[in-house]
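Visitor: This is the structure I want to talk about, given as structure tokens.
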Amino acid sequence: MPLLLLDLDNTLLDRAGPFRTWAQGFLAEIGAPESDIDWLLSVDADGLTNRWDVADAIRDRYRLRIPSIDLVEALHEGVVEYTRLDPLIACALRIADDAGWVPVAVTNGTERLQEMKIRRTGLDRYLADWVISEEVGVSKPNPRIFALAAERVRMRLRGAWMIGDSPEADIGGAAAVGLPSVWLHRGRRWMERRYAPTKTVDGLIAAVAAVLAS
């Protein structure tokens, strides 16, 4: 029974779409021009920018009197509100499970937000378990978080695969522990020279198929 390690945001669950939807509604609510969506997406940097920094940037640009903590909560709740589990991804996880793979999510982020997304979407029904960086005190690409994921389900890392969209956190992390990996390119080109994914595909369903065929 091999271990299947999976990233959460923009791998198991779409984050880019829900954030854009929330951002468009927020900009309309404060009377900002629709074209500002490009600025906000740039500031967000695909979720890599600290939420407090995003909140402060929004406050400064629009001279809002909303406390930063309220904006941070709006950012978190907004993404969760629009996040849905794709039935085809659920199906792919079920197929992997039936084939003997043990799916475990390994994600960077805050425990409250990431667990909320996992549980509210029903993704928890298709995972053996999950590890969240804030909860365990270590983040991808640190090899320790992958070891903790294996320990969580009482398995060894040997024979595991990693699937994710982040070149550094997911593929770099897998390389650091000697695991094969599948990179979800999302329209991007691979630029890193220090390591490379074992396979490159355009989405999770194709990634699971590639692992099962390996």
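Residues in the structure tokens are numbered from 1 in each chain, the chains being A, B, ... in the order shown, and ligands are numbered from 1 in the order shown.
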Determine, counting only C-alpha atoms, which protein, DNA and RNA residues have an atom within 7 Å of an atom of Leu184 in chain A; residues of the same chain fewer than 6 positions away are not included. Present the result as number ranges by chain.
Guide: A: 164-165, 200-203
Visitor: With N, CA, C and O atoms retained, export the selected residues as a PDB file, in the first residue's frame.
Guide:
ATOM      1  N   GLY A 164       1.765  17.990  -6.811  1.00  0.00           N
ATOM      2  CA  GLY A 164       1.521  19.371  -6.410  1.00  0.00           C
ATOM      3  C   GLY A 164       1.824  20.356  -7.506  1.00  0.00           C
ATOM      4  O   GLY A 164       2.408  20.003  -8.544  1.00  0.00           O
ATOM      5  N   ASP A 165       1.449  21.618  -7.287  1.00  0.00           N
ATOM      6  CA  ASP A 165       1.643  22.648  -8.309  1.00  0.00           C
ATOM      7  C   ASP A 165       2.807  23.587  -8.017  1.00  0.00           C
ATOM      8  O   ASP A 165       3.190  24.375  -8.875  1.00  0.00           O
ATOM      9  N   THR A 200       5.087  15.692 -15.690  1.00  0.00           N
ATOM     10  CA  THR A 200       4.403  16.986 -15.726  1.00  0.00           C
ATOM     11  C   THR A 200       3.064  16.809 -16.427  1.00  0.00           C
ATOM     12  O   THR A 200       3.004  16.244 -17.525  1.00  0.00           O
ATOM     13  N   VAL A 201       1.992  17.279 -15.780  1.00  0.00           N
ATOM     14  CA  VAL A 201       0.648  17.144 -16.351  1.00  0.00           C
ATOM     15  C   VAL A 201      -0.116  18.439 -16.116  1.00  0.00           C
ATOM     16  O   VAL A 201       0.384  19.369 -15.485  1.00  0.00           O
ATOM     17  N   ASP A 202      -1.355  18.496 -16.611  1.00  0.00           N
ATOM     18  CA  ASP A 202      -2.121  19.738 -16.511  1.00  0.00           C
ATOM     19  C   ASP A 202      -3.161  19.749 -15.402  1.00  0.00           C
ATOM     20  O   ASP A 202      -3.837  20.756 -15.192  1.00  0.00           O
ATOM     21  N   GLY A 203      -3.318  18.643 -14.668  1.00  0.00           N
ATOM     22  CA  GLY A 203      -4.315  18.641 -13.610  1.00  0.00           C
ATOM     23  C   GLY A 203      -4.224  17.395 -12.751  1.00  0.00           C
ATOM     24  O   GLY A 203      -3.495  16.439 -13.078  1.00  0.00           O
TER      25      GLY A 203
END
Visitor: Could you give me, as number ranges by chain, the residues within 7 Å of Ala160 in chain A, counting only C-alpha atoms and dropping anything in the same chain fewer than 2 positions from it?
Guide: A: 2-4, 157-158, 162, 179
Visitor: Can you pull out every residue within 8 Å of Arg94 in chain A, counting only C-alpha atoms, but drop anything in the same chain fewer than 4 positions away, and send it as a list in words?
Guide: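 Here the qualifying residues turn out to be Ala90, Asp98 and Tyr126 of chain A.
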Visitor: I need the residue nearest Ser139 in chain A from this list: A:Ala169, A:Ile118, A:Ala209, A:Ala99. Use only C-alpha atoms for the distance.
Guide: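 Checking each of A:Ala169, A:Ile118, A:Ala209, A:Ala99 against Ser139 in chain A, counting only C-alpha atoms, the winner is A:Ala169.
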Visitor: Rank nothing, just name the residue among A:Val138, A:Asp129, A:Ala32, A:Asn108 nearest to Arg63 in chain A, using only C-alpha atoms.
Guide: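 Looking at the shortest contact to Arg63 in chain A, the residue is A:Ala32.
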Visitor: Please identify which residues in chain A DSSP calls strand (DSSP E or B) from the backbone, and express them as a PDB file with C-alpha atoms, in the first residue's frame.
Guide:
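Below you can see result15.pdb, which holds the result:
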ATOM      1  CA  LEU A   3       1.538   6.529   0.056  1.00  0.00           C
ATOM      2  CA  LEU A   4       0.135   9.251  -2.220  1.00  0.00           C
ATOM      3  CA  LEU A   5       1.062  12.724  -0.945  1.00  0.00           C
ATOM      4  CA  LEU A   6      -0.985  15.587  -2.358  1.00  0.00           C
ATOM      5  CA  ASP A   9      -4.430  24.538  -2.854  1.00  0.00           C
ATOM      6  CA  LEU A  13      -8.926  22.162  -4.435  1.00  0.00           C
ATOM      7  CA  VAL A 102      -3.180   5.911   0.635  1.00  0.00           C
ATOM      8  CA  PRO A 103      -3.946   9.603  -0.088  1.00  0.00           C
ATOM      9  CA  VAL A 104      -2.670  12.163   2.421  1.00  0.00           C
ATOM     10  CA  ALA A 105      -2.791  15.938   1.921  1.00  0.00           C
ATOM     11  CA  VAL A 106       0.354  17.891   2.812  1.00  0.00           C
ATOM     12  CA  THR A 107      -0.270  21.619   2.857  1.00  0.00           C
ATOM     13  CA  ASP A 129      -5.428  12.069   6.703  1.00  0.00           C
ATOM     14  CA  TRP A 130      -3.763  15.459   6.235  1.00  0.00           C
ATOM     15  CA  VAL A 131      -0.855  17.470   7.631  1.00  0.00           C
ATOM     16  CA  ILE A 132      -0.974  21.275   7.867  1.00  0.00           C
ATOM     17  CA  TRP A 161       4.722   9.864  -4.791  1.00  0.00           C
ATOM     18  CA  MET A 162       4.130  13.603  -4.386  1.00  0.00           C
ATOM     19  CA  ILE A 163       1.640  15.580  -6.492  1.00  0.00           C
ATOM     20  CA  GLY A 164       1.521  19.371  -6.410  1.00  0.00           C
ATOM     21  CA  SER A 181       6.737  13.634  -8.187  1.00  0.00           C
ATOM     22  CA  VAL A 182       4.100  14.947 -10.568  1.00  0.00           C
ATOM     23  CA  TRP A 183       3.965  18.688 -11.234  1.00  0.00           C
ATOM     24  CA  LEU A 184       0.711  20.384 -12.200  1.00  0.00           C
ATOM     25  CA  LYS A 199       6.194  13.787 -14.676  1.00  0.00           C
ATOM     26  CA  THR A 200       4.403  16.986 -15.726  1.00  0.00           C
ATOM     27  CA  VAL A 201       0.648  17.144 -16.351  1.00  0.00           C
TER      28      VAL A 201
END
Visitor: Could you name the residues that touch Leu204 in chain A at 7 Å or less, counting only C-alpha atoms, but leaving out those on the same chain fewer than 5 positions away, as a list in words?
Guide: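 Surrounding residues, per the criterion: Thr11, Leu12 and Ile89 of chain A.
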Visitor: List the neighbours of Ile69 in chain A out to 10 Å using only C-alpha atoms; skip same-chain residues closer than 6 positions along the sequence, and give me the result as a PDB file with N, CA and C atoms, in the first residue's frame.
Guide:
ATOM      1  N   ARG A  51      -1.300  36.901   4.355  1.00  0.00           N
ATOM      2  CA  ARG A  51      -2.630  37.522   4.347  1.00  0.00           C
ATOM      3  C   ARG A  51      -2.644  38.898   5.006  1.00  0.00           C
ATOM      4  N   TRP A  52      -1.824  39.101   6.018  1.00  0.00           N
ATOM      5  CA  TRP A  52      -1.768  40.402   6.675  1.00  0.00           C
ATOM      6  C   TRP A  52      -1.187  41.453   5.734  1.00  0.00           C
ATOM      7  N   ALA A  55      -3.899  42.338   3.257  1.00  0.00           N
ATOM      8  CA  ALA A  55      -4.875  43.213   3.912  1.00  0.00           C
ATOM      9  C   ALA A  55      -4.347  44.637   4.023  1.00  0.00           C
ATOM     10  N   ASP A  56      -3.088  44.779   4.417  1.00  0.00           N
ATOM     11  CA  ASP A  56      -2.498  46.116   4.557  1.00  0.00           C
ATOM     12  C   ASP A  56      -2.408  46.823   3.205  1.00  0.00           C
ATOM     13  N   LEU A  75     -10.710  37.706   3.734  1.00  0.00           N
ATOM     14  CA  LEU A  75      -9.914  36.971   2.754  1.00  0.00           C
ATOM     15  C   LEU A  75     -10.063  35.466   2.975  1.00  0.00           C
TER      16      LEU A  75
END
Visitor: If we count only C-alpha atoms, what is near Leu48 in chain A at a cut-off of 12 Å, once residues fewer than 3 positions away on the same chain are taken out, given as a list in words?
Guide: Asp9, Arg15, Ala16, Leu41, Ser42, Val43, Asp44, Ala45, Arg51, Trp52, Asp53, Val54, Asn108, Gly109, Ser166, Glu168 and Ala169 of chain A
Visitor: Go through A:Gly17, A:Asp86, A:Arg59, A:Leu8 one by one, measure the shortest atom-to-atom distance of each to Ile30 in chain A using only C-alpha atoms, and give the residue with the smallest value.
Guide: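 Checking each of A:Gly17, A:Asp86, A:Arg59, A:Leu8 against Ile30 in chain A, counting only C-alpha atoms, the winner is A:Arg59.
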Visitor: Have a look at A:Gly173, A:Pro18, A:Pro197, A:Gly178 and name the one nearest to Val80 in chain A; count only C-alpha atoms.
Guide: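 The closest residue to Val80 in chain A is A:Pro18.
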Visitor: Given the choices A:Pro167, A:Gly187, A:Gly47, A:Pro87, which gets closest to Lys140 in chain A if the distance is worked out from only C-alpha atoms?
Guide: A:Pro167
Visitor: Compare A:Leu127, A:Met155, A:Val72, A:Ile66 by their minimum atom-to-atom distance to Ile95 in chain A, counting only C-alpha atoms, and give me the closest one.
Guide: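 Answer, going by the shortest atom-to-atom distance: A:Leu127.
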Visitor: Between CA of Ala149 in chain A and CA of Ala128 in chain A, what is the spacing in Å?
Guide: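 Calculated distance between CA of Ala128 in chain A and CA of Ala149 in chain A is 10.3 Å.
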